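Asks: File start.txt follows (compact mmCIF, C-alpha atoms and all ligand atoms):
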```txt
# COMPACT_ATOMS: atom_id res chain seq x y z
CA MET H 1 11.91 15.89 -15.91
CA LYS H 2 12.97 18.43 -13.38
CA ILE H 3 10.58 19.37 -10.65
CA VAL H 4 11.06 22.55 -8.72
CA ARG H 5 9.68 22.35 -5.25
CA VAL H 6 9.13 25.73 -3.73
CA LEU H 7 7.87 24.90 -0.33
CA TRP H 8 9.34 22.34 1.98
CA ILE H 9 7.07 23.03 4.87
CA SER H 10 8.64 20.97 7.52
CA VAL H 11 11.65 19.02 8.41
CA LEU H 12 11.10 16.03 10.58
CA ALA H 13 13.40 13.41 11.82
CA THR H 14 13.82 11.20 14.77
CA GLY H 15 16.71 9.66 16.54
CA VAL H 16 20.35 10.23 15.87
CA ALA H 17 19.79 11.10 12.25
CA ALA H 18 18.27 14.43 13.17
CA ALA H 19 21.06 16.23 14.85
CA GLN H 20 24.13 15.12 13.03
CA GLU H 21 24.77 16.31 9.55
CA LYS H 22 28.50 16.06 9.49
CA PRO H 23 29.71 14.50 6.26
CA ALA H 24 29.90 10.74 6.39
CA ALA H 25 33.24 9.37 7.44
CA LYS H 26 34.71 6.30 5.81
CA PRO H 27 32.18 3.56 6.49
CA HIS H 28 34.41 1.67 8.89
CA ASP H 29 34.97 4.84 10.93
CA MET H 30 31.31 5.33 11.56
CA GLU H 31 30.06 4.83 15.02
CA HIS H 32 28.37 1.52 15.01
CA MET H 33 25.07 2.73 16.27
CA GLN H 34 22.40 0.27 15.53
CA HIS H 35 18.67 0.04 15.32
CA SER H 36 17.60 -1.38 18.63
CA HIS H 37 14.05 -1.91 17.53
CA ASP H 38 13.22 -5.22 16.01
CA GLY H 39 11.37 -3.88 12.99
CA PHE H 40 8.87 -5.97 11.14
CA MET H 41 10.64 -5.76 7.82
CA GLN H 42 14.12 -5.67 9.24
CA GLY H 43 13.49 -8.72 11.37
CA GLY H 44 16.29 -8.20 13.84
CA MET H 45 18.94 -7.32 11.30
CA HIS H 46 21.43 -4.78 12.57
CA HIS H 47 22.77 -2.01 10.43
CA ALA H 48 24.94 1.03 11.00
CA VAL H 49 22.82 4.20 10.95
CA ALA H 50 23.18 6.59 8.03
CA LYS H 51 23.69 10.17 9.23
CA GLY H 52 21.85 13.26 8.16
CA VAL H 53 18.90 11.57 6.46
CA LEU H 54 15.84 13.77 6.77
CA LEU H 55 12.20 13.50 5.90
CA GLN H 56 10.82 16.68 4.34
CA GLN H 57 7.38 17.31 2.97
CA SER H 58 5.78 19.73 0.57
CA ASP H 59 2.06 20.24 0.06
CA ASP H 60 0.56 21.92 -3.01
CA GLY H 61 -3.00 21.63 -1.70
CA GLN H 62 -3.72 18.37 -3.53
CA THR H 63 -0.62 16.27 -3.16
CA ILE H 64 1.86 15.88 -0.35
CA THR H 65 5.33 14.95 -1.54
CA LEU H 66 7.66 13.34 0.94
CA ARG H 67 11.38 13.47 0.31
CA ILE H 68 13.75 11.22 2.23
CA GLY H 69 17.48 11.79 1.94
CA PRO H 70 20.17 12.47 1.09
CA LEU H 71 21.22 8.83 0.85
CA ASN H 72 24.83 8.07 0.05
CA LEU H 73 24.86 4.83 -1.94
CA PRO H 74 28.31 3.51 -2.93
CA ALA H 75 28.33 0.99 -5.78
CA HIS H 76 28.22 -2.74 -4.99
CA THR H 77 27.04 -2.41 -1.40
CA SER H 78 24.68 -4.92 0.17
CA HIS H 79 21.93 -3.81 2.51
CA MET H 80 23.83 -5.35 5.43
CA LYS H 81 26.96 -3.26 4.68
CA MET H 82 25.07 -0.08 3.82
CA PRO H 83 24.44 2.33 6.71
CA GLN H 84 20.64 2.59 6.89
CA PRO H 85 18.45 5.59 7.73
CA ALA H 86 16.92 5.55 11.20
CA ASP H 87 13.15 5.31 11.27
CA LEU H 88 11.65 8.71 10.45
CA ILE H 89 8.29 10.08 11.55
CA TRP H 90 5.93 11.71 9.07
CA LYS H 91 3.42 13.76 10.99
CA ILE H 92 0.29 13.99 8.84
CA PRO H 93 -0.43 17.67 8.15
CA ILE H 94 -4.09 17.32 7.14
CA SER H 95 -7.30 15.56 8.14
CA GLY H 96 -8.82 13.66 5.25
CA TRP H 97 -7.96 10.74 3.05
CA LEU H 98 -4.72 9.60 1.43
CA LEU H 99 -5.60 8.45 -2.08
CA ALA H 100 -2.45 6.96 -3.63
CA TYR H 101 1.32 6.60 -3.24
CA HIS H 102 3.70 7.25 -6.13
CA PRO H 103 7.33 6.48 -5.19
CA LYS H 104 10.42 7.44 -7.19
CA LEU H 105 14.15 7.92 -6.69
CA VAL H 106 16.05 10.98 -7.81
CA ASP H 107 19.45 12.56 -7.28
CA ALA H 108 20.09 16.07 -5.99
CA GLY H 109 19.69 17.43 -9.54
CA GLY H 110 16.32 15.76 -10.00
CA ASN H 111 17.62 13.03 -12.34
CA THR H 112 16.15 9.56 -12.02
CA VAL H 113 18.02 7.04 -9.88
CA PRO H 114 17.20 3.37 -10.60
CA GLY H 115 14.60 1.92 -8.26
CA ILE H 116 16.74 -1.13 -7.64
CA VAL H 117 18.72 0.77 -4.96
CA LEU H 118 15.61 0.79 -2.80
CA HIS H 119 15.59 -2.42 -0.79
CA HIS H 120 12.27 -1.45 0.72
CA VAL H 121 10.32 1.35 2.28
CA ALA H 122 7.45 0.79 4.70
CA PHE H 123 4.97 3.25 6.20
CA TRP H 124 3.41 2.33 9.55
CA ASN H 125 0.58 4.24 11.21
CA GLU H 126 1.45 4.44 14.90
CA ASN H 127 -2.12 5.57 15.62
CA ARG H 128 -3.70 2.34 14.42
CA PRO H 129 -3.17 -1.37 14.92
CA ASP H 130 -3.33 -3.62 11.88
CA PHE H 131 -6.87 -5.04 11.63
CA LEU H 132 -5.58 -8.54 10.86
CA CYS H 133 -2.62 -8.61 13.26
CA ALA H 134 -3.19 -6.44 16.33
CA ASN H 135 0.45 -6.90 17.39
CA LYS H 136 1.48 -4.73 14.44
CA GLU H 137 0.89 -1.16 13.43
CA GLU H 138 -1.25 -0.60 10.35
CA HIS H 139 1.08 -0.85 7.36
CA ILE H 140 -0.26 1.75 4.96
CA PHE H 141 2.28 1.70 2.15
CA GLY H 142 5.29 -0.30 1.07
CA ALA H 143 7.53 -0.68 -1.96
CA GLY H 144 10.76 -2.34 -2.97
CA GLY H 145 13.12 -2.01 -5.92
CA GLU H 146 10.22 -2.37 -8.33
CA LEU H 147 8.88 0.95 -6.94
CA THR H 148 5.34 -0.36 -6.69
CA ASP H 149 2.97 2.40 -7.58
CA TRP H 150 -0.14 2.39 -5.40
CA ALA H 151 -2.64 3.84 -7.80
CA GLU H 152 -5.65 5.83 -6.81
CA MET H 153 -8.93 3.96 -6.56
CA PRO H 154 -11.60 6.47 -7.41
CA GLY H 155 -14.06 6.81 -4.55
CA PHE H 156 -11.80 5.26 -1.92
CA GLY H 157 -9.12 6.51 0.43
CA TYR H 158 -7.27 5.88 3.66
CA ARG H 159 -8.60 8.09 6.46
CA VAL H 160 -6.07 10.06 8.48
CA GLU H 161 -6.29 12.75 11.15
CA GLN H 162 -3.96 15.72 11.38
CA GLY H 163 -1.09 14.84 13.68
CA ASP H 164 -1.20 11.10 13.01
CA LYS H 165 2.27 9.68 13.19
CA ILE H 166 3.48 7.57 10.32
CA ARG H 167 6.72 5.75 10.94
CA VAL H 168 8.79 5.48 7.77
CA GLU H 169 11.24 2.62 7.58
CA THR H 170 13.66 2.78 4.66
CA MET H 171 16.30 0.27 3.68
CA VAL H 172 18.67 0.83 0.78
CA HIS H 173 21.44 -1.03 -1.00
CA ASN H 174 23.27 -0.64 -4.27
CA PRO H 175 23.87 -3.71 -6.43
CA THR H 176 24.78 -1.55 -9.45
CA ASP H 177 28.17 -0.40 -10.80
CA THR H 178 27.28 3.25 -10.26
CA ALA H 179 27.63 5.16 -7.01
CA TYR H 180 24.77 7.49 -6.06
CA PRO H 181 26.18 9.84 -3.44
CA GLN H 182 23.02 11.93 -3.01
CA ALA H 183 19.90 9.96 -3.70
CA TYR H 184 16.43 10.88 -2.49
CA LEU H 185 13.34 8.76 -2.19
CA GLU H 186 10.27 10.78 -3.09
CA VAL H 187 6.74 9.62 -2.47
CA ALA H 188 3.92 11.70 -3.95
CA ILE H 189 0.67 11.23 -2.04
CA PRO H 190 -2.49 12.80 -3.51
CA TYR H 191 -5.07 13.44 -0.81
CA ARG H 192 -8.63 14.62 -0.23
CA ASP H 193 -9.24 17.15 2.49
CA ALA H 194 -11.87 16.23 5.11
CA ASN H 195 -13.87 19.29 3.98
CA GLY H 196 -14.02 17.99 0.39
CA THR H 197 -16.37 15.35 -1.03
CA PRO H 198 -15.92 12.31 1.20
CA VAL H 199 -14.61 9.03 -0.16
CA LYS H 200 -15.16 5.54 1.30
CA ASN H 201 -12.69 4.21 3.82
CA VAL H 202 -10.34 1.49 2.68
CA TYR H 203 -7.83 -0.37 4.85
CA PRO H 204 -4.59 -1.98 3.72
CA ALA H 205 -4.58 -5.74 4.35
CA TRP H 206 -1.17 -7.42 4.68
CA MET H 207 -1.60 -11.16 4.43
CA ASP H 208 1.74 -12.70 5.20
CA VAL H 209 2.94 -16.30 4.93
CA THR H 210 4.55 -15.76 8.33
CA ALA H 211 1.03 -14.90 9.64
CA CYS H 212 1.55 -12.15 12.25
CA GLY H 213 5.30 -12.67 12.71
CA ASN H 214 8.25 -10.89 11.10
CA SER H 215 7.95 -10.97 7.34
CA GLY H 216 11.46 -12.08 6.44
CA TYR H 217 12.37 -15.74 6.54
CA ASP H 218 15.28 -17.90 5.44
CA LEU H 219 14.93 -19.03 1.85
CA PRO H 220 15.83 -22.71 1.42
CA ALA H 221 17.85 -23.82 -1.60
CA TRP H 222 15.87 -24.76 -4.72
CA GLU H 223 12.11 -25.23 -4.66
CA SER H 224 10.27 -24.36 -1.48
CA GLU H 225 6.82 -23.44 -0.27
CA LYS H 226 5.73 -21.62 2.86
CA SER H 227 2.16 -21.11 4.11
CA GLY H 228 0.53 -19.11 6.86
CA GLU H 229 -3.02 -18.38 7.96
CA VAL H 230 -4.79 -15.46 9.59
CA ARG H 231 -8.40 -15.25 10.72
CA LEU H 232 -10.45 -12.30 9.52
CA LYS H 233 -12.49 -10.63 12.26
CA TYR H 234 -14.61 -8.42 9.98
CA SER H 235 -16.81 -9.06 6.98
CA GLY H 236 -16.11 -7.01 3.90
CA VAL H 237 -14.66 -7.04 0.42
CA LEU H 238 -11.20 -6.97 -1.11
CA LEU H 239 -10.98 -4.42 -3.91
CA GLY H 240 -7.77 -5.87 -5.25
CA VAL H 241 -4.52 -7.56 -4.28
CA GLY H 242 -0.87 -7.30 -5.19
CA GLY H 243 2.08 -9.25 -3.93
CA HIS H 244 5.45 -8.72 -2.33
CA MET H 245 8.16 -11.32 -2.79
CA HIS H 246 11.92 -11.36 -3.26
CA ASP H 247 14.35 -12.77 -5.84
CA TYR H 248 13.75 -16.38 -6.96
CA ALA H 249 10.01 -15.98 -6.38
CA LYS H 250 7.58 -18.16 -8.31
CA ARG H 251 4.16 -17.21 -7.03
CA ILE H 252 2.00 -16.39 -4.08
CA VAL H 253 -1.53 -17.69 -3.67
CA LEU H 254 -4.28 -16.30 -1.44
CA GLU H 255 -7.08 -18.66 -0.48
CA ASP H 256 -10.13 -18.35 1.66
CA ALA H 257 -9.58 -21.67 3.42
CA THR H 258 -12.98 -21.53 5.12
CA GLN H 259 -14.81 -21.11 1.82
CA LYS H 260 -12.33 -23.43 0.07
CA ALA H 261 -11.82 -20.85 -2.66
CA THR H 262 -8.74 -19.43 -4.34
CA VAL H 263 -8.96 -15.64 -4.14
CA ALA H 264 -5.91 -14.87 -6.28
CA THR H 265 -2.83 -16.51 -7.77
CA LEU H 266 -0.06 -13.98 -8.38
CA ASP H 267 2.76 -15.25 -10.60
CA ALA H 268 6.08 -13.48 -10.06
CA LYS H 269 7.96 -12.08 -13.01
CA VAL H 270 11.69 -12.82 -12.78
CA ASP H 271 14.62 -12.37 -15.18
CA GLU H 272 16.94 -15.18 -16.37
CA GLN H 273 18.95 -14.97 -13.15
CA GLY H 274 15.82 -15.30 -11.05
CA HIS H 275 15.84 -11.66 -9.93
CA LEU H 276 12.40 -10.31 -9.24
CA VAL H 277 11.12 -8.00 -11.93
CA GLY H 278 7.57 -7.53 -10.74
CA MET H 279 4.41 -8.92 -9.21
CA PRO H 280 0.99 -8.63 -10.84
CA VAL H 281 -2.02 -6.92 -9.35
CA LYS H 282 -5.47 -8.47 -9.44
CA THR H 283 -8.44 -6.19 -9.01
CA PHE H 284 -11.97 -7.09 -7.99
CA TYR H 285 -13.57 -3.69 -7.67
CA GLU H 286 -15.13 -3.91 -11.13
CA GLU H 287 -17.35 -6.69 -9.72
CA GLY H 288 -17.89 -4.86 -6.44
CA GLY H 289 -15.05 -6.58 -4.64
CA TYR H 290 -14.24 -10.11 -3.49
CA LYS H 291 -16.49 -10.96 -0.52
CA LEU H 292 -14.93 -12.25 2.68
CA ALA H 293 -16.79 -13.09 5.88
CA ALA H 294 -15.89 -12.54 9.51
CA GLY H 295 -14.34 -15.72 10.83
CA ASP H 296 -12.89 -16.80 7.49
CA GLU H 297 -9.41 -18.25 7.62
CA LEU H 298 -7.18 -16.69 4.98
CA LYS H 299 -4.33 -18.83 3.75
CA MET H 300 -1.26 -17.52 1.95
CA THR H 301 1.26 -19.78 0.20
CA ALA H 302 4.52 -18.50 -1.28
CA SER H 303 6.57 -20.62 -3.71
CA TYR H 304 10.20 -19.99 -4.57
CA ASP H 305 12.91 -21.64 -6.64
CA ASN H 306 16.20 -20.50 -5.17
CA THR H 307 18.62 -21.40 -7.95
CA THR H 308 21.68 -20.24 -5.98
CA GLY H 309 21.56 -23.67 -4.36
CA LYS H 310 22.31 -22.06 -0.96
CA VAL H 311 20.09 -21.08 1.94
CA LEU H 312 19.61 -17.31 1.83
CA ARG H 313 19.32 -15.93 5.34
CA ASP H 314 16.25 -13.69 5.62
CA GLY H 315 16.10 -13.94 1.85
CA ALA H 316 12.39 -14.43 1.40
CA MET H 317 9.11 -12.69 2.00
CA GLY H 318 5.65 -13.70 0.92
CA ILE H 319 2.97 -11.08 1.38
CA VAL H 320 -0.33 -10.53 -0.37
CA VAL H 321 -1.21 -6.86 -0.05
CA GLY H 322 -4.83 -5.90 -0.51
CA TYR H 323 -7.31 -3.11 -0.05
CA PHE H 324 -10.15 -4.09 2.29
CA VAL H 325 -13.49 -2.34 2.66
CA PRO H 326 -15.31 -3.53 5.79
CA ALA H 327 -19.08 -4.03 5.71
CA ASP H 328 -19.25 -2.12 9.00
CA ASP H 329 -16.71 0.69 8.74
CA ALA H 330 -17.23 1.91 12.30
CA ALA H 331 -15.86 -1.34 13.73
CA VAL H 332 -12.54 -0.99 11.92
CA ALA H 333 -12.37 2.82 12.06
CA GLY H 334 -12.77 2.47 15.83
CA LEU H 335 -9.42 0.73 16.16
CA ARG H 336 -7.73 4.17 16.32
CA ARG H 337 -5.64 4.82 19.38
CA LYS H 338 -3.03 7.19 20.72
CA ALA H 339 0.23 6.94 18.84
CA GLN H 340 2.39 4.24 20.27
CA ALA H 341 5.60 2.87 19.02
CA VAL H 342 5.38 -0.77 18.11
CA ALA H 343 6.20 -3.03 21.07
CA LYS H 344 9.92 -3.49 21.44
CA ARG H 345 11.25 -6.87 22.25
CU CU K 401 10.63 -7.73 1.39
```
Before anything else, please render the file you have as C-alpha cells.

Replies:
Amino acid sequence: MKIVRVLWISVLATGVAAAQEKPAAKPHDMEHMQHSHDGFMQGGMHHAVAKGVLLQQSDDGQTITLRIGPLNLPAHTSHMKMPQPADLIWKIPISGWLLAYHPKLVDAGGNTVPGIVLHHVAFWNENRPDFLCANKEEHIFGAGGELTDWAEMPGFGYRVEQGDKIRVETMVHNPTDTAYPQAYLEVAIPYRDANGTPVKNVYPAWMDVTACGNSGYDLPAWESEKSGEVRLKYSGVLLGVGGHMHDYAKRIVLEDATQKATVATLDAKVDEQGHLVGMPVKTFYEEGGYKLAAGDELKMTASYDNTTGKVLRDGAMGIVVGYFVPADDAAVAGLRRKAQAVAKR
C-alpha cells in the first residue's frame, strides 16, 4: 500500500542530527560522537550518532503521523555497531487526547520494511513525571521489533497540551541479510481535539522488574528470574496490560503483593531459537478494570531461559506495560510540570 502524504507540517530535530545532512561516510570514518545522556532504555550504552535523521509530522485533522528517518541500515549490523539517531523532540501540535499508536516501517518508496530492524522506540513526555517512578519522565509509548500496536480504547485517551515536548528515543539494528539504506519509522497517532467530545484520562503504567532503575539488565545463562517492586501512590484501575521482554523470554508476572493476588501472567511467544515473537495482552476493561489501591506494592517477575549458555550483557528487560485510570484524576493530572530533560548523571 502506498500512502501519499501531502503535508509535512514541521521538521523537528535536536542535537547534531539536525544540522548535518551530508551523506554518511564509511562507518569507521564517522565522528564518534556519542549520546552523553544515560537514557532509560539505552542504559549507558554508547553508540555513534546517525546523521541526518529527522522527525517530521503530518496532521490530517484526525491522525498525526510521525515519520522518523531516513535510517541507513546495512545488513548484519548489531545495535552496538549501528550509528543511532540522536533523541528527537516531537512538539505536540494540538491540545486534546492521543488515542492510539500504530507503528510501522517503510522505505522511501513506501514499501514495508520488516519490523525486526527496530530495536526499540520510546516516547517520553518531558512535561510529566512517571506516576510510579518520579525519577523518570512519563513513558507514553514504546515498541520493539514486534511493532506493538497500541490500539485505541474507546472512551479513553492520554491528555496532552499543545507544545508538550515528547522525547523520541529510537534504536535500530539489522539482523537480516538485506540492507535497508533508507528506512523510515512511521507512527500513526489518532487523536481527539480538546474541543471535541471529551474522553477519560488514562496514564501509561510501566512496571519494571528493575523497579525505577534502568530497564536493561544482564541476562544470565540458562534459566533465570528477576523481580522488582514499586509502590502505587494512587487508587485506580488497570484497563489492561501487555509485556516487554527480549529474546529467550519465558514469561512476566504482575502481582499485587499487598493483596496477595496475581494480576496477570504473560507468557512470551518465542521461535525455536528462542527469539521473541510476541507478548500477549490481557485486558480488564470489560469488567471495569482491575482494581488497585493506593499503597499497594506491585511485584513484577520476569523469567528467561537463555539457551546461548552465555551471559548476555544488557540482554534482558522485563516490563509490564499497562493503562491506569486513577480514581481521582486530578491528583495524577496535577503532576504536569514545565518541560525538563530527564536528570543527567
Ligand atoms: Cu527492551

Asks: Around the point (-1.5, -22.5, 3.9) (coordinates from the file), which residues reach within 7 Å if we count only C-alpha atoms? Answer as number ranges by chain.

Replies: H: 227-229, 299-301

Asks: Select, from H:Met317, H:Ala268, H:Asn125, H:Pro190, the residue with the minimum atom-to-atom distance to Asp60 of chain H, counting all atoms listed in the file.

Replies: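 Smallest separation from Asp60 of chain H among the options: H:Pro190.
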
Asks: Have a look at atom CA of Asp59 of chain H and atom CA of Val160 of chain H and let me know their distance in Å, one decimal.

Replies: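 A separation of 15.5 Å between them.
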
Asks: If you count only C-alpha atoms, which residues fall within 8 Å of Lys338 of chain H, apart from same-chain ones fewer than 2 positions away, as an NGL selection string?

Replies: :H and (126-128 or 336 or 340)

Asks: With all atoms listed in the file counted, collect every polymer residue having an atom within 10 Å of ligand CU 401 (chain K); state the result as an NGL selection string.

Replies: :H and (41-42 or 119-122 or 142-145 or 215-217 or 244-247 or 314-319)

Asks: Identify, on the basis of only C-alpha atoms, every residue whose closest approach to Val106 of chain H does not exceed 7 Å; exclude the query and any residue fewer than 2 positions from it along the same chain; express the result as a list in words.

Replies: Lys104, Ala108, Gly110, Asn111, Thr112, Val113, Ala183, Tyr184 and Leu185 of chain H

Asks: Restricting the calculation to only C-alpha atoms: of H:Val332, H:Leu219, H:Val230, H:Leu238, which residue gets closest to Ser303 of chain H?

Replies: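 Looking at the shortest contact to Ser303 of chain H, the residue is H:Leu219.
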
Asks: Do a neighbour search on Gly242 of chain H at 8 Å with only C-alpha atoms, toss out local chain neighbours closer than 6 positions, and write the hits as a PDB file with C-alpha atoms, in the coordinates of the input.

Replies:
```pdb
ATOM      1  CA  LEU H 266      -0.060 -13.980  -8.380  1.00  0.00           C
ATOM      2  CA  MET H 279       4.410  -8.920  -9.210  1.00  0.00           C
ATOM      3  CA  PRO H 280       0.990  -8.630 -10.840  1.00  0.00           C
ATOM      4  CA  VAL H 281      -2.020  -6.920  -9.350  1.00  0.00           C
ATOM      5  CA  LYS H 282      -5.470  -8.470  -9.440  1.00  0.00           C
ATOM      6  CA  VAL H 320      -0.330 -10.530  -0.370  1.00  0.00           C
ATOM      7  CA  VAL H 321      -1.210  -6.860  -0.050  1.00  0.00           C
ATOM      8  CA  GLY H 322      -4.830  -5.900  -0.510  1.00  0.00           C
TER       9      GLY H 322
END
```

Asks: Applying 8 Å and all atoms listed in the file, which residues near segment 195-200 of chain H remain after dropping the ones on its own chain fewer than 3 positions away? List them as a PyMOL selection string.

Replies: chain H and resi 96-97+155-157+192

Asks: Any idea what the distance is between atom CA of Glu223 of chain H and atom CA of Thr148 of chain H?

Replies: 25.9 Å

Asks: Go ahead and compute the interatomic distance for atom CA of Leu66 of chain H and atom CA of Glu186 of chain H, in Å to one decimal.

Replies: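 Distance reported for this atom pair: 5.4 Å.
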
Asks: Calculated over only C-alpha atoms, which of the candidates H:Val277, H:Ile116, H:Ala48, H:Ala264 has the smallest distance to Asn174 of chain H?

Replies: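 Closest to Asn174 of chain H, using only C-alpha atoms: H:Ile116.
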
Asks: Tell me which protein, DNA and RNA residues are within 9 Å of segment 162-173 of chain H, counting all atoms listed in the file, leaving out same-chain ones fewer than 6 positions away, and put them as a PDB file with C-alpha atoms, in the coordinates of the input.

Replies:
```pdb
ATOM      1  CA  GLY H  39      11.370  -3.880  12.990  1.00  0.00           C
ATOM      2  CA  MET H  41      10.640  -5.760   7.820  1.00  0.00           C
ATOM      3  CA  GLN H  42      14.120  -5.670   9.240  1.00  0.00           C
ATOM      4  CA  LEU H  55      12.200  13.500   5.900  1.00  0.00           C
ATOM      5  CA  ILE H  68      13.750  11.220   2.230  1.00  0.00           C
ATOM      6  CA  LEU H  71      21.220   8.830   0.850  1.00  0.00           C
ATOM      7  CA  LEU H  73      24.860   4.830  -1.940  1.00  0.00           C
ATOM      8  CA  PRO H  74      28.310   3.510  -2.930  1.00  0.00           C
ATOM      9  CA  ALA H  75      28.330   0.990  -5.780  1.00  0.00           C
ATOM     10  CA  HIS H  76      28.220  -2.740  -4.990  1.00  0.00           C
ATOM     11  CA  THR H  77      27.040  -2.410  -1.400  1.00  0.00           C
ATOM     12  CA  SER H  78      24.680  -4.920   0.170  1.00  0.00           C
ATOM     13  CA  HIS H  79      21.930  -3.810   2.510  1.00  0.00           C
ATOM     14  CA  MET H  80      23.830  -5.350   5.430  1.00  0.00           C
ATOM     15  CA  LYS H  81      26.960  -3.260   4.680  1.00  0.00           C
ATOM     16  CA  MET H  82      25.070  -0.080   3.820  1.00  0.00           C
ATOM     17  CA  PRO H  83      24.440   2.330   6.710  1.00  0.00           C
ATOM     18  CA  GLN H  84      20.640   2.590   6.890  1.00  0.00           C
ATOM     19  CA  PRO H  85      18.450   5.590   7.730  1.00  0.00           C
ATOM     20  CA  ALA H  86      16.920   5.550  11.200  1.00  0.00           C
ATOM     21  CA  ASP H  87      13.150   5.310  11.270  1.00  0.00           C
ATOM     22  CA  LEU H  88      11.650   8.710  10.450  1.00  0.00           C
ATOM     23  CA  ILE H  89       8.290  10.080  11.550  1.00  0.00           C
ATOM     24  CA  TRP H  90       5.930  11.710   9.070  1.00  0.00           C
ATOM     25  CA  LYS H  91       3.420  13.760  10.990  1.00  0.00           C
ATOM     26  CA  ILE H  92       0.290  13.990   8.840  1.00  0.00           C
ATOM     27  CA  PRO H  93      -0.430  17.670   8.150  1.00  0.00           C
ATOM     28  CA  ILE H  94      -4.090  17.320   7.140  1.00  0.00           C
ATOM     29  CA  SER H  95      -7.300  15.560   8.140  1.00  0.00           C
ATOM     30  CA  GLY H  96      -8.820  13.660   5.250  1.00  0.00           C
ATOM     31  CA  ILE H 116      16.740  -1.130  -7.640  1.00  0.00           C
ATOM     32  CA  VAL H 117      18.720   0.770  -4.960  1.00  0.00           C
ATOM     33  CA  LEU H 118      15.610   0.790  -2.800  1.00  0.00           C
ATOM     34  CA  HIS H 119      15.590  -2.420  -0.790  1.00  0.00           C
ATOM     35  CA  HIS H 120      12.270  -1.450   0.720  1.00  0.00           C
ATOM     36  CA  VAL H 121      10.320   1.350   2.280  1.00  0.00           C
ATOM     37  CA  ALA H 122       7.450   0.790   4.700  1.00  0.00           C
ATOM     38  CA  PHE H 123       4.970   3.250   6.200  1.00  0.00           C
ATOM     39  CA  TRP H 124       3.410   2.330   9.550  1.00  0.00           C
ATOM     40  CA  ASN H 125       0.580   4.240  11.210  1.00  0.00           C
ATOM     41  CA  GLU H 126       1.450   4.440  14.900  1.00  0.00           C
ATOM     42  CA  ASN H 127      -2.120   5.570  15.620  1.00  0.00           C
ATOM     43  CA  ILE H 140      -0.260   1.750   4.960  1.00  0.00           C
ATOM     44  CA  LYS H 338      -3.030   7.190  20.720  1.00  0.00           C
ATOM     45  CA  ALA H 339       0.230   6.940  18.840  1.00  0.00           C
ATOM     46  CA  GLN H 340       2.390   4.240  20.270  1.00  0.00           C
ATOM     47  CA  ALA H 341       5.600   2.870  19.020  1.00  0.00           C
TER      48      ALA H 341
END
```

Asks: Choose the residue, out of H:Thr178, H:Asn306, H:Gln273, H:Asn201, that has the smallest atom-to-atom separation from Met153 of chain H; count only C-alpha atoms.

Replies: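 Closest candidate: H:Asn201.
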
Asks: When you count only C-alpha atoms, which of these residues is closest to Ala151 of chain H: H:Lys51, H:His275, H:Arg313, H:His102?

Replies: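 Ranked by minimum distance to Ala151 of chain H, first place goes to H:His102.
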
Asks: Considering all atoms listed in the file, state which residue in the set H:Ala257, H:Ala294, H:Met207, H:Ala302 is at the smallest distance from Cys133 of chain H.

Replies: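 With all atoms listed in the file as the atom set, the closest residue is H:Met207.
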
Asks: Model the absent atoms of segment 264-273 of chain H so that N, CA, C and O atoms are present, and write the result as a PDB file, keeping the file's coordinate frame.

Replies:
```
ATOM      1  N   ALA H 264      -6.804 -15.377  -5.240  1.00  0.00           N
ATOM      2  CA  ALA H 264      -5.910 -14.870  -6.280  1.00  0.00           C
ATOM      3  C   ALA H 264      -4.637 -15.693  -6.339  1.00  0.00           C
ATOM      4  O   ALA H 264      -4.118 -16.138  -5.308  1.00  0.00           O
ATOM      5  N   THR H 265      -4.141 -15.888  -7.548  1.00  0.00           N
ATOM      6  CA  THR H 265      -2.830 -16.510  -7.770  1.00  0.00           C
ATOM      7  C   THR H 265      -1.985 -15.451  -8.473  1.00  0.00           C
ATOM      8  O   THR H 265      -2.343 -14.987  -9.553  1.00  0.00           O
ATOM      9  N   LEU H 266      -0.904 -15.043  -7.832  1.00  0.00           N
ATOM     10  CA  LEU H 266      -0.060 -13.980  -8.380  1.00  0.00           C
ATOM     11  C   LEU H 266       1.281 -14.583  -8.783  1.00  0.00           C
ATOM     12  O   LEU H 266       2.074 -15.001  -7.934  1.00  0.00           O
ATOM     13  N   ASP H 267       1.516 -14.677 -10.090  1.00  0.00           N
ATOM     14  CA  ASP H 267       2.760 -15.250 -10.600  1.00  0.00           C
ATOM     15  C   ASP H 267       3.835 -14.175 -10.687  1.00  0.00           C
ATOM     16  O   ASP H 267       3.636 -13.144 -11.339  1.00  0.00           O
ATOM     17  N   ALA H 268       4.972 -14.442 -10.058  1.00  0.00           N
ATOM     18  CA  ALA H 268       6.080 -13.480 -10.060  1.00  0.00           C
ATOM     19  C   ALA H 268       6.716 -13.420 -11.431  1.00  0.00           C
ATOM     20  O   ALA H 268       6.792 -14.419 -12.139  1.00  0.00           O
ATOM     21  N   LYS H 269       7.175 -12.228 -11.791  1.00  0.00           N
ATOM     22  CA  LYS H 269       7.960 -12.080 -13.010  1.00  0.00           C
ATOM     23  C   LYS H 269       9.424 -11.973 -12.594  1.00  0.00           C
ATOM     24  O   LYS H 269       9.785 -11.093 -11.810  1.00  0.00           O
ATOM     25  N   VAL H 270      10.266 -12.869 -13.107  1.00  0.00           N
ATOM     26  CA  VAL H 270      11.690 -12.820 -12.780  1.00  0.00           C
ATOM     27  C   VAL H 270      12.498 -12.824 -14.073  1.00  0.00           C
ATOM     28  O   VAL H 270      11.998 -13.253 -15.120  1.00  0.00           O
ATOM     29  N   ASP H 271      13.757 -12.342 -13.989  1.00  0.00           N
ATOM     30  CA  ASP H 271      14.620 -12.370 -15.180  1.00  0.00           C
ATOM     31  C   ASP H 271      15.349 -13.723 -15.235  1.00  0.00           C
ATOM     32  O   ASP H 271      15.089 -14.607 -14.420  1.00  0.00           O
ATOM     33  N   GLU H 272      16.279 -13.884 -16.193  1.00  0.00           N
ATOM     34  CA  GLU H 272      16.940 -15.180 -16.370  1.00  0.00           C
ATOM     35  C   GLU H 272      17.729 -15.607 -15.131  1.00  0.00           C
ATOM     36  O   GLU H 272      17.926 -16.782 -14.888  1.00  0.00           O
ATOM     37  N   GLN H 273      18.196 -14.619 -14.360  1.00  0.00           N
ATOM     38  CA  GLN H 273      18.950 -14.970 -13.150  1.00  0.00           C
ATOM     39  C   GLN H 273      18.028 -15.247 -11.962  1.00  0.00           C
ATOM     40  O   GLN H 273      18.494 -15.552 -10.877  1.00  0.00           O
TER      41      GLN H 273
END
```
